[in-house]
file model.txt (compact mmCIF, C-alpha atoms)
# COMPACT_ATOMS: atom_id res chain seq x y z
CA MET X 1 0.00 0.00 0.00
CA ASN X 2 1.38 3.42 -0.91
CA CYS X 3 0.80 6.73 0.88
CA GLN X 4 -1.88 7.93 -1.49
CA GLN X 5 -3.90 4.76 -1.00
CA ALA X 6 -3.36 4.86 2.74
CA LYS X 7 -4.49 8.48 3.05
CA SER X 8 -7.65 7.81 1.07
CA LEU X 9 -8.60 5.12 3.60
CA LEU X 10 -7.91 7.07 6.78
CA ASP X 11 -11.39 8.61 7.05
CA SER X 12 -13.23 5.29 6.71
CA TYR X 13 -10.78 3.74 9.14
CA ALA X 14 -11.37 6.49 11.69
CA ASP X 15 -15.14 6.12 11.25
CA GLY X 16 -14.98 2.38 11.81
CA GLU X 17 -16.25 1.72 8.30
CA LEU X 18 -13.20 0.13 6.72
CA GLU X 19 -13.38 -3.52 5.78
CA ALA X 20 -11.23 -5.94 7.73
CA SER X 21 -8.94 -6.88 4.83
CA ALA X 22 -7.94 -3.25 4.26
CA ILE X 23 -7.47 -2.56 7.97
CA VAL X 24 -4.56 -4.99 8.24
CA GLU X 25 -2.74 -3.45 5.29
CA LEU X 26 -3.42 0.08 6.43
CA GLU X 27 -2.22 -0.57 9.97
CA GLN X 28 0.99 -2.04 8.61
CA HIS X 29 1.52 1.02 6.48
CA LEU X 30 0.87 3.36 9.42
CA GLN X 31 3.49 1.58 11.48
CA ASN X 32 6.12 2.15 8.85
CA CYS X 33 5.24 5.59 7.51
CA PRO X 34 5.67 8.59 9.83
CA GLY X 35 3.95 10.93 7.35
CA CYS X 36 0.74 8.92 7.18
CA ALA X 37 0.92 8.21 10.91
CA SER X 38 0.90 11.92 11.66
CA SER X 39 -2.05 12.49 9.30
CA TRP X 40 -3.79 9.75 11.23
CA LEU X 41 -3.10 11.47 14.55
CA ASN X 42 -4.34 14.81 13.21
CA LEU X 43 -7.52 13.20 11.99
CA GLN X 44 -8.13 11.63 15.35
CA SER X 45 -7.62 14.91 17.20
CA LEU X 46 -10.00 16.61 14.79
CA LYS X 47 -12.67 13.96 15.23
CA LYS X 48 -12.35 14.10 18.99
CA SER X 49 -12.70 17.84 19.04
CA LEU X 50 -15.80 17.74 16.80
CA LYS X 51 -17.58 15.58 19.36
CA GLN X 52 -17.15 18.03 22.21
CA GLU X 53 -20.26 18.81 24.13
CA SER X 54 -20.07 22.56 23.72
CA LEU X 55 -20.53 22.28 19.95
CA PHE X 56 -23.95 20.72 20.44
CA PHE X 57 -26.82 23.21 20.48
CA THR X 58 -29.63 22.38 22.89
CA ALA X 59 -33.19 23.30 21.94
CA PRO X 60 -34.55 26.30 23.88
CA GLU X 61 -37.39 25.33 26.24
CA GLU X 62 -39.55 27.84 24.45
CA LEU X 63 -39.34 25.73 21.29
CA GLN X 64 -40.66 22.62 23.03
CA ARG X 65 -43.54 24.66 24.45
CA ARG X 66 -44.35 26.14 21.05
CA ILE X 67 -44.41 22.74 19.39
CA LYS X 68 -46.52 21.17 22.11
CA SER X 69 -49.04 23.97 21.97
CA ALA X 70 -49.35 23.46 18.21
CA LEU X 71 -50.18 19.75 18.61
CA PRO X 72 -53.72 18.58 19.32
CA SER X 73 -53.86 18.60 23.10
CA PRO X 74 -53.43 15.19 24.73
CA ALA X 75 -55.31 16.33 27.83
CA LYS X 76 -58.25 18.32 26.58
CA THR X 77 -61.12 17.53 24.25
CA THR X 78 -61.34 19.27 20.91
CA PRO X 79 -63.32 22.54 20.91
CA GLN X 80 -67.07 22.11 20.67
CA ARG X 81 -69.35 24.13 18.49
CA PRO X 82 -71.07 27.00 20.32
CA ILE X 83 -73.89 25.66 22.42
CA TRP X 84 -76.31 28.49 21.59
CA ASN X 85 -76.78 26.92 18.17
CA TRP X 86 -80.10 25.38 19.18
CA ASN X 87 -80.72 23.39 16.02
CA TRP X 88 -77.40 21.71 16.36
CA LEU X 89 -77.84 21.28 20.05
CA THR X 90 -81.15 19.52 19.71
CA ALA X 91 -79.92 17.32 16.93
CA THR X 92 -76.89 16.16 18.87
CA MET X 93 -78.35 16.30 22.33
CA SER X 94 -78.20 12.58 22.88
CA GLY X 95 -74.67 12.39 21.55
CA ALA X 96 -73.58 15.24 23.77
CA THR X 97 -75.13 13.63 26.82
CA VAL X 98 -73.25 10.43 26.17
CA CYS X 99 -70.00 12.37 25.68
CA LEU X 100 -70.55 14.29 28.87
CA ALA X 101 -71.25 11.13 30.80
CA MET X 102 -68.10 9.51 29.43
CA LEU X 103 -66.04 12.58 30.22
CA LEU X 104 -67.32 12.49 33.78
CA MET X 105 -66.44 8.84 34.13
CA VAL X 106 -62.97 9.45 32.76
CA THR X 107 -62.50 12.34 35.16
CA LEU X 108 -63.71 10.35 38.14
CA ASN X 109 -61.55 7.40 37.27
CA ARG X 110 -58.49 9.48 36.58
CA PRO X 111 -55.52 7.81 38.25
CA SER X 112 -53.36 9.67 40.73
CA SER X 113 -50.25 11.26 39.28
CA GLU X 114 -48.05 8.54 40.80
CA GLN X 115 -50.19 5.81 39.26
CA GLN X 116 -50.10 7.64 35.99
CA LEU X 117 -46.32 7.86 36.17
CA THR X 118 -45.85 4.17 36.94
CA GLN X 119 -48.16 3.37 34.05
CA GLU X 120 -46.06 5.59 31.79
CA ILE X 121 -42.90 3.89 33.00
CA VAL X 122 -44.27 0.42 32.32
CA SER X 123 -45.53 1.50 28.89
CA SER X 124 -42.16 3.03 28.13
CA HIS X 125 -40.42 -0.17 29.19
CA ILE X 126 -42.71 -2.27 26.99
CA ARG X 127 -42.25 0.09 24.06
CA SER X 128 -38.50 -0.14 24.48
CA LEU X 129 -38.69 -3.91 24.09
CA MET X 130 -40.41 -3.58 20.76
CA ALA X 131 -37.76 -4.15 18.14
CA THR X 132 -35.62 -1.17 17.39
CA HIS X 133 -36.46 1.41 19.98
CA VAL X 134 -34.50 0.02 22.89
CA LEU X 135 -31.19 1.85 22.35
CA ASP X 136 -30.01 5.17 20.98
CA VAL X 137 -26.45 4.50 22.04
CA VAL X 138 -25.23 0.93 22.01
CA SER X 139 -22.29 0.31 24.28
CA THR X 140 -21.23 -1.76 27.22
CA ASP X 141 -18.80 0.97 28.21
CA LYS X 142 -19.99 3.50 30.75
CA HIS X 143 -17.42 5.94 29.40
CA THR X 144 -19.28 5.91 26.09
CA VAL X 145 -22.81 5.86 27.44
CA LYS X 146 -22.45 8.63 30.02
CA PRO X 147 -20.92 11.24 27.68
CA TRP X 148 -23.52 10.37 25.03
CA PHE X 149 -26.15 12.06 27.21
CA ASN X 150 -24.13 15.28 27.30
CA GLY X 151 -25.87 17.95 25.31
CA ARG X 152 -28.95 15.78 25.03
CA LEU X 153 -30.14 16.26 28.58
CA ASP X 154 -29.79 19.05 31.11
CA PHE X 155 -28.34 16.65 33.67
CA SER X 156 -25.78 13.87 33.69
CA PRO X 157 -27.13 10.52 34.86
CA PRO X 158 -24.88 8.21 36.90
CA VAL X 159 -23.87 5.21 34.81
CA ASN X 160 -22.38 2.18 36.53
CA ASP X 161 -20.66 -0.79 35.04
CA LEU X 162 -22.26 -3.88 36.57
CA ALA X 163 -20.88 -6.58 34.29
CA ALA X 164 -19.06 -8.17 37.22
CA GLN X 165 -22.40 -8.53 39.01
CA GLU X 166 -23.80 -10.16 35.86
CA PHE X 167 -25.94 -7.17 34.96
CA PRO X 168 -24.05 -5.98 31.87
CA LEU X 169 -24.82 -2.49 30.59
CA ILE X 170 -25.99 -2.64 27.00
CA GLY X 171 -26.63 1.03 26.28
CA GLY X 172 -28.91 3.99 26.79
CA ARG X 173 -31.47 6.16 25.13
CA LEU X 174 -33.52 9.28 25.60
CA ASP X 175 -37.06 8.83 26.76
CA TYR X 176 -39.93 11.04 27.71
CA LEU X 177 -41.80 10.68 31.00
CA GLY X 178 -44.07 12.90 33.04
CA GLY X 179 -43.60 15.80 30.65
CA ARG X 180 -39.81 15.84 30.47
CA SER X 181 -36.87 14.19 28.75
CA VAL X 182 -35.27 11.52 30.89
CA ALA X 183 -32.28 9.21 30.64
CA ALA X 184 -32.96 5.51 30.21
CA LEU X 185 -30.11 3.11 30.90
CA VAL X 186 -30.49 -0.42 29.67
CA TYR X 187 -29.02 -3.38 31.49
CA GLN X 188 -29.52 -7.05 30.99
CA ARG X 189 -29.59 -10.28 32.97
CA GLN X 190 -29.66 -13.24 30.65
CA LYS X 191 -32.63 -12.49 28.37
CA HIS X 192 -34.25 -10.03 30.76
CA VAL X 193 -33.97 -6.36 29.91
CA ILE X 194 -33.83 -3.85 32.77
CA ASN X 195 -34.64 -0.21 32.07
CA VAL X 196 -33.49 2.39 34.58
CA PHE X 197 -35.18 5.76 34.12
CA ILE X 198 -33.41 8.73 35.67
CA TRP X 199 -34.22 12.39 35.98
CA PRO X 200 -33.48 15.17 38.45
CA ALA X 201 -36.15 16.12 40.99
CA LYS X 202 -36.43 17.94 44.28
CA GLU X 203 -37.11 14.84 46.31
CA ALA X 204 -35.52 13.75 49.56
CA ASP X 205 -33.25 10.73 49.26
CA SER X 206 -35.21 7.53 49.72
CA ASN X 207 -34.32 3.87 49.90
CA PRO X 208 -35.44 1.53 47.16
CA ALA X 209 -39.17 0.82 47.41
CA VAL X 210 -40.69 -2.14 45.62
CA LEU X 211 -44.02 -1.37 43.99
CA ALA X 212 -46.80 -3.81 43.20
CA PRO X 213 -46.10 -5.45 39.84
CA ARG X 214 -47.95 -4.00 36.87
CA GLN X 215 -48.80 -6.07 33.81
CA GLY X 216 -46.25 -8.61 35.01
CA TYR X 217 -43.39 -6.08 35.35
CA HIS X 218 -41.63 -5.31 38.59
CA LEU X 219 -40.89 -1.73 39.53
CA ILE X 220 -38.48 -0.31 42.06
CA HIS X 221 -38.25 3.36 42.86
CA TRP X 222 -35.67 5.35 44.82
CA SER X 223 -34.04 8.73 44.89
CA ASP X 224 -30.52 9.75 45.57
CA ALA X 225 -28.61 13.04 45.41
CA GLY X 226 -31.36 15.00 43.72
CA MET X 227 -32.20 12.36 41.12
CA VAL X 228 -35.16 10.05 40.85
CA PHE X 229 -34.64 6.46 39.72
CA TRP X 230 -37.09 3.88 38.46
CA ALA X 231 -35.96 0.38 37.58
CA VAL X 232 -38.40 -1.77 35.65
CA SER X 233 -38.05 -5.30 34.32
CA ASP X 234 -39.75 -8.64 33.90
CA LEU X 235 -36.95 -10.03 36.06
CA ASN X 236 -38.19 -11.48 39.35
CA GLU X 237 -38.41 -9.14 42.30
CA LYS X 238 -35.48 -10.60 44.20
CA GLU X 239 -33.03 -10.24 41.34
CA LEU X 240 -34.31 -6.80 40.43
CA LEU X 241 -33.74 -5.69 43.99
CA GLU X 242 -30.27 -7.19 43.83
CA PHE X 243 -29.69 -5.17 40.68
CA VAL X 244 -30.84 -1.97 42.37
CA GLN X 245 -28.52 -2.60 45.30
CA ASP X 246 -25.60 -3.12 42.93
CA PHE X 247 -26.58 -0.04 40.97
CA THR X 248 -26.83 2.21 44.02
CA THR X 249 -23.50 1.05 45.40
CA GLY X 250 -21.90 1.58 42.00
CA GLY X 251 -21.05 -2.08 41.60
CA ARG X 252 -18.73 -2.16 44.62
CA MET R 1 -55.17 6.05 16.16
CA ASP R 2 -57.09 8.53 18.28
CA GLU R 3 -55.84 12.13 17.93
CA ARG R 4 -54.97 12.40 21.59
CA ASP R 5 -53.15 9.07 21.73
CA ARG R 6 -51.27 10.22 18.71
CA THR R 7 -50.14 13.40 20.43
CA LYS R 8 -49.06 11.46 23.48
CA GLN R 9 -47.15 8.88 21.49
CA PHE R 10 -45.55 11.61 19.43
CA GLU R 11 -44.44 13.39 22.58
CA GLN R 12 -43.00 10.18 23.96
CA ARG R 13 -41.32 8.89 20.89
CA VAL R 14 -40.32 11.92 18.84
CA LEU R 15 -39.89 14.88 21.18
CA PRO R 16 -36.96 13.32 23.10
CA HIS R 17 -35.05 13.96 19.85
CA LEU R 18 -35.94 17.63 19.73
CA ASP R 19 -32.41 18.60 20.77
CA ALA R 20 -30.95 16.62 17.88
CA ALA R 21 -33.46 18.24 15.52
CA TYR R 22 -32.67 21.70 16.79
CA ASN R 23 -28.91 21.09 16.72
CA LEU R 24 -29.04 20.04 13.06
CA ALA R 25 -31.30 22.98 12.18
CA ARG R 26 -29.03 25.34 14.10
CA TRP R 27 -25.93 24.19 12.24
CA LEU R 28 -27.67 24.28 8.87
CA THR R 29 -29.37 27.67 9.19
CA GLY R 30 -26.53 29.27 11.11
CA ASN R 31 -28.69 31.19 13.59
CA GLU R 32 -31.07 30.41 16.43
CA TYR R 33 -34.16 32.15 15.05
CA ASP R 34 -34.26 30.36 11.72
CA ALA R 35 -33.23 27.15 13.49
CA GLN R 36 -36.27 27.36 15.76
CA ASP R 37 -38.56 27.97 12.80
CA VAL R 38 -37.10 25.09 10.82
CA ALA R 39 -37.14 22.71 13.81
CA GLN R 40 -40.71 23.65 14.67
CA GLU R 41 -41.96 23.26 11.12
CA ALA R 42 -40.14 19.94 10.85
CA CYS R 43 -41.75 18.67 14.07
CA LEU R 44 -45.21 19.61 12.88
CA ARG R 45 -44.56 17.90 9.56
CA ALA R 46 -43.27 14.92 11.49
CA PHE R 47 -46.49 14.86 13.50
CA LYS R 48 -48.53 14.75 10.30
CA SER R 49 -46.61 11.79 8.95
CA PHE R 50 -46.16 10.15 12.35
CA GLY R 51 -48.64 7.45 11.35
CA SER R 52 -46.22 6.16 8.72
CA LEU R 53 -43.37 5.73 11.22
CA ARG R 54 -42.81 2.04 11.93
CA GLY R 55 -39.81 0.38 13.45
CA GLU R 56 -37.15 2.63 11.96
CA ASN R 57 -34.77 4.78 13.97
CA THR R 58 -36.90 7.67 15.18
CA ARG R 59 -34.00 10.09 15.42
CA ALA R 60 -32.88 9.39 11.83
CA TRP R 61 -36.48 9.71 10.67
CA LEU R 62 -36.91 13.08 12.40
CA LEU R 63 -33.57 14.41 11.15
CA THR R 64 -34.51 13.47 7.58
CA ILE R 65 -37.56 15.67 7.95
CA VAL R 66 -35.51 18.49 9.51
CA ARG R 67 -33.10 18.32 6.60
CA ASN R 68 -35.87 18.39 3.97
CA THR R 69 -37.58 21.24 5.76
CA PHE R 70 -34.31 23.14 5.82
CA TYR R 71 -33.67 22.75 2.09
CA ASN R 72 -37.23 23.89 1.30
CA TRP R 73 -36.70 26.85 3.57
CA LEU R 74 -33.36 27.60 1.93
CA ARG R 75 -34.85 27.56 -1.56
CA LYS R 76 -37.51 30.03 -0.46
CA ASN R 77 -35.28 32.32 1.53
CA ARG R 78 -31.78 32.25 0.14
CA PRO R 79 -31.78 30.96 -3.44
CA PRO R 80 -28.18 31.80 -4.40
CA GLU R 81 -26.40 30.01 -1.59
CA ILE R 82 -26.93 26.47 -2.73
CA ALA R 83 -26.79 27.13 -6.45
CA GLY R 84 -23.85 25.21 -7.84
CA GLU R 85 -21.62 25.62 -4.85
CA LEU R 86 -20.33 22.08 -4.81
CA GLY R 87 -21.34 20.56 -8.07
CA ASP R 88 -19.35 17.44 -8.73
CA GLU R 89 -15.90 18.91 -8.80
CA ALA R 90 -12.94 16.63 -8.41
CA MET R 91 -13.53 14.05 -5.70
CA ALA R 92 -9.84 13.85 -4.92
CA VAL R 93 -8.74 15.52 -1.76
CA GLU R 94 -5.39 17.11 -2.22
CA ASP R 95 -2.85 16.48 0.41
CA ILE R 96 -2.22 19.38 2.70
CA ALA R 97 0.52 20.33 5.07
CA VAL R 98 -0.86 20.49 8.58
CA ASN R 99 1.11 21.76 11.50
CA ALA R 100 0.02 19.40 14.26
CA ASP R 101 0.93 21.79 17.08
CA ILE R 102 -1.13 24.64 15.66
CA LEU R 103 -3.96 22.24 14.86
CA ASN R 104 -4.11 20.89 18.40
CA LEU R 105 -3.94 24.34 19.87
CA ARG R 106 -6.88 25.56 17.81
CA LEU R 107 -8.87 22.37 18.32
CA ALA R 108 -8.76 23.00 22.04
CA ASP R 109 -10.73 26.19 21.59
CA ALA R 110 -14.41 25.39 21.04
CA GLU R 111 -15.17 28.85 19.68
CA THR R 112 -12.54 28.53 16.96
CA VAL R 113 -13.77 25.07 16.02
CA ARG R 114 -17.36 26.27 15.93
CA HIS R 115 -16.38 29.08 13.65
CA ALA R 116 -14.50 26.76 11.32
CA ILE R 117 -17.49 24.39 11.02
CA ALA R 118 -19.85 27.30 10.42
CA GLU R 119 -17.72 28.42 7.47
CA LEU R 120 -17.99 25.09 5.68
CA PRO R 121 -20.38 24.80 2.73
CA VAL R 122 -23.72 23.57 3.99
CA GLU R 123 -23.39 20.12 2.34
CA PHE R 124 -20.15 19.56 4.25
CA ARG R 125 -21.51 20.96 7.48
CA GLU R 126 -24.40 18.51 7.57
CA MET R 127 -22.03 15.58 7.09
CA ILE R 128 -19.98 16.70 10.11
CA VAL R 129 -23.09 17.08 12.26
CA LEU R 130 -24.57 13.72 11.24
CA ARG R 131 -21.32 11.78 11.53
CA GLU R 132 -19.48 13.37 14.45
CA MET R 133 -22.22 14.83 16.62
CA GLU R 134 -25.01 12.33 15.94
CA GLY R 135 -22.79 9.31 15.33
CA PHE R 136 -24.62 7.94 12.29
CA GLY R 137 -22.87 5.42 10.02
CA TYR R 138 -22.22 6.09 6.32
CA LYS R 139 -25.21 4.06 5.20
CA GLU R 140 -27.58 5.87 7.54
CA ILE R 141 -26.22 9.25 6.46
CA ALA R 142 -26.62 8.28 2.80
CA GLU R 143 -30.25 7.32 3.37
CA LEU R 144 -30.93 10.32 5.55
CA SER R 145 -29.49 12.82 3.11
CA ASP R 146 -30.50 10.99 -0.06
CA VAL R 147 -27.05 10.81 -1.67
CA PRO R 148 -24.90 7.78 -2.57
CA ILE R 149 -22.51 6.42 0.07
CA GLY R 150 -19.56 7.45 -2.11
CA THR R 151 -20.72 11.05 -1.93
CA VAL R 152 -21.05 10.82 1.85
CA MET R 153 -17.48 9.55 2.07
CA SER R 154 -16.00 12.16 -0.21
CA ARG R 155 -17.90 15.02 1.41
CA LEU R 156 -16.83 13.91 4.87
CA ALA R 157 -13.20 13.58 3.83
CA ARG R 158 -13.24 16.96 2.14
CA ALA R 159 -15.03 18.57 5.06
CA ARG R 160 -12.37 17.32 7.44
CA LYS R 161 -9.55 18.44 5.18
CA GLN R 162 -11.07 21.91 4.95
CA LEU R 163 -11.45 22.06 8.72
CA GLN R 164 -7.83 21.06 9.25
CA ARG R 165 -6.77 23.62 6.73
CA ARG R 166 -8.85 26.40 8.26
CA LEU R 167 -7.64 25.52 11.71
CA ALA R 168 -4.03 24.74 11.10
CA GLY R 169 -2.76 26.64 8.36
CA GLU R 170 -2.44 28.05 5.01
CA PHE R 171 -6.08 28.42 4.14
CA LYS R 172 -6.76 31.59 2.16
CA PRO R 173 -10.08 33.23 2.99
CA GLY R 174 -12.48 33.28 0.09
CA GLU R 175 -10.95 30.24 -1.53
CA GLN R 176 -13.98 28.04 -1.13
CA GLN R 177 -16.77 30.45 -0.27
call {"tool": "encode", "arguments": {"input": "model.txt", "output": "structure tokens"}}
result
Amino acid sequence: MNCQQAKSLLDSYADGELEASAIVELEQHLQNCPGCASSWLNLQSLKKSLKQESLFFTAPEELQRRIKSALPSPAKTTPQRPIWNWNWLTATMSGATVCLAMLLMVTLNRPSSEQQLTQEIVSSHIRSLMATHVLDVVSTDKHTVKPWFNGRLDFSPPVNDLAAQEFPLIGGRLDYLGGRSVAALVYQRQKHVINVFIWPAKEADSNPAVLAPRQGYHLIHWSDAGMVFWAVSDLNEKELLEFVQDFTTGGR
Amino acid sequence: MDERDRTKQFEQRVLPHLDAAYNLARWLTGNEYDAQDVAQEACLRAFKSFGSLRGENTRAWLLTIVRNTFYNWLRKNRPPEIAGELGDEAMAVEDIAVNADILNLRLADAETVRHAIAELPVEFREMIVLREMEGFGYKEIAELSDVPIGTVMSRLARARKQLQRRLAGEFKPGEQQ
């Protein structure tokens, strides 16, 4: 391989997109050619610097509010026609009565905000198991997963490596719970996926509390140092609790 | 799907990627006001076609829409900028002399790096954002930006060369712009 060939492959090599056969030849060339080796170093420094957090622009909160207010409201019903239109009112009276009755029932049966949150967490966990949504960043390395959240969230979630405890980290993703973006860390025990949802909240530190299972999923909730944690999995309660203990002690 | 369920699902599945959408729009438009407009319009368009989203990568799907929205916006607002800037000029990237010490010094300063990226032609800038900041692979970038993989590779390589040149050395202003 000559220098021109080597230099044309450096970008794909740095991006992890070079095929195995070419990698061997290129690496040999880099060992023997100081010129290409220094181009390689420059490219790596450039790539590293382009990933720095401060280059990433975070959306202003105002933008999220504007977009949400432009969407059909998830909480309210769509506007009704004016009720002083008597012809319309008479014609749809029965329909309106039924709607009103249903609305009342929904209101009366509205779950408490905690119940609503646990339901959201379980739904989010289930959704994450559906094919491709489970991970935005795939890595077993906490030094890859933790920085990935930089610039994507306004807080930095604690990420622990629990492979030694047989709960290997498999990655993370952004999720959306209770009206805010949250971090979701994904761990595994055998075939069981564990989602840990994390976000900051003004809540006193609390020890792990096991909640009643929902739809067959176990939930454990705790808070620590200004962050709220929810672990959810189809793993049995004992092992999930074991996981939470390992997680909170940082795998020590 | 019920309208309200749809809103809720959209908020859960798509809005977590709003930062990525805004970041791309911000780099493409070059200022926060246009970026907000483009990101907002893209999100509303995304909501309309949300029903067609299946198992694909939501972030890539949303960024495709941001990108399309941006190019529509650009055609309406600034026609000359994209006209024939890149064309298909020589794919080869000429070798350049880079002083590693100067390069590393300038790379350490985020403001300088930001400025250098902002000066790249828009087609190069988007490659840098998609590859380095969003971490997409060549194939995903090719699909997302609707160009062949070969074009992705050559644009990325040329973008990086231009950055190194602007940061480390003998780049003459006005040469590429």
call {"tool": "interface_residues", "arguments": {"input": "model.txt", "of": "chain X", "to": "chain R", "cutoff": "7 Å", "atoms": "all atoms listed in the file", "output": "PyMOL selection string"}}
result
chain X and resi 11+42+46-47+49-51+54-59+63+67+71-74+131-132+152+174-176+181
call {"tool": "atom_distance", "arguments": {"input": "model.txt", "atom1": "atom CA of X:Lys238", "atom2": "atom CA of X:Lys142"}}
result
24.9 Å
call {"tool": "closest_residue", "arguments": {"input": "model.txt", "among": "R:Asn77, R:Ser52, R:Thr29, R:Gln162", "to": "R:Leu120", "atoms": "only C-alpha atoms"}}
result
R:Gln162
call {"tool": "atom_distance", "arguments": {"input": "model.txt", "atom1": "atom CA of X:Leu241", "atom2": "atom CA of X:Ala209"}}
result
9.1 Å
call {"tool": "atom_distance", "arguments": {"input": "model.txt", "atom1": "atom CA of X:Pro158", "atom2": "atom CA of X:Gln115"}}
result
25.5 Å
call {"tool": "residues_around", "arguments": {"input": "model.txt", "residues": "X:Cys3", "least_positions_apart": "6", "cutoff": "10 Å", "atoms": "all atoms listed in the file", "output": "count of residues only"}}
result
7
call {"tool": "build_atoms", "arguments": {"input": "model.txt", "residues": "stretch 46-61 of chain R", "atoms": "N, CA and C atoms", "output": "tab-separated table (two decimals), in the frame of the given file"}}
result
chain	number	residue	atom	x	y	z
R	46	ALA	N	-43.49	16.27	10.96
R	46	ALA	CA	-43.27	14.92	11.49
R	46	ALA	C	-44.55	14.39	12.14
R	47	PHE	N	-45.24	15.29	12.85
R	47	PHE	CA	-46.49	14.86	13.50
R	47	PHE	C	-47.50	14.40	12.46
R	48	LYS	N	-47.57	15.13	11.34
R	48	LYS	CA	-48.53	14.75	10.30
R	48	LYS	C	-48.22	13.39	9.71
R	49	SER	N	-46.93	13.08	9.56
R	49	SER	CA	-46.61	11.79	8.95
R	49	SER	C	-46.22	10.75	10.00
R	50	PHE	N	-46.51	11.04	11.25
R	50	PHE	CA	-46.16	10.15	12.35
R	50	PHE	C	-46.76	8.76	12.17
R	51	GLY	N	-47.97	8.73	11.56
R	51	GLY	CA	-48.64	7.45	11.35
R	51	GLY	C	-47.83	6.49	10.51
R	52	SER	N	-46.96	7.04	9.64
R	52	SER	CA	-46.22	6.16	8.72
R	52	SER	C	-44.92	5.67	9.35
R	53	LEU	N	-44.60	6.16	10.56
R	53	LEU	CA	-43.37	5.73	11.22
R	53	LEU	C	-43.57	4.34	11.80
R	54	ARG	N	-42.70	3.41	11.41
R	54	ARG	CA	-42.81	2.04	11.93
R	54	ARG	C	-41.65	1.76	12.87
R	55	GLY	N	-40.88	0.75	12.53
R	55	GLY	CA	-39.81	0.38	13.45
R	55	GLY	C	-38.50	1.12	13.25
R	56	GLU	N	-38.46	2.04	12.25
R	56	GLU	CA	-37.15	2.63	11.96
R	56	GLU	C	-36.65	3.51	13.10
R	57	ASN	N	-35.41	3.90	12.99
R	57	ASN	CA	-34.77	4.78	13.97
R	57	ASN	C	-35.47	6.13	13.98
R	58	THR	N	-36.09	6.45	15.11
R	58	THR	CA	-36.90	7.67	15.18
R	58	THR	C	-36.05	8.92	14.97
R	59	ARG	N	-34.84	8.90	15.54
R	59	ARG	CA	-34.00	10.09	15.42
R	59	ARG	C	-33.62	10.33	13.96
R	60	ALA	N	-33.25	9.25	13.24
R	60	ALA	CA	-32.88	9.39	11.83
R	60	ALA	C	-34.09	9.88	11.03
R	61	TRP	N	-35.25	9.34	11.36
R	61	TRP	CA	-36.48	9.71	10.67
R	61	TRP	C	-36.76	11.21	10.87
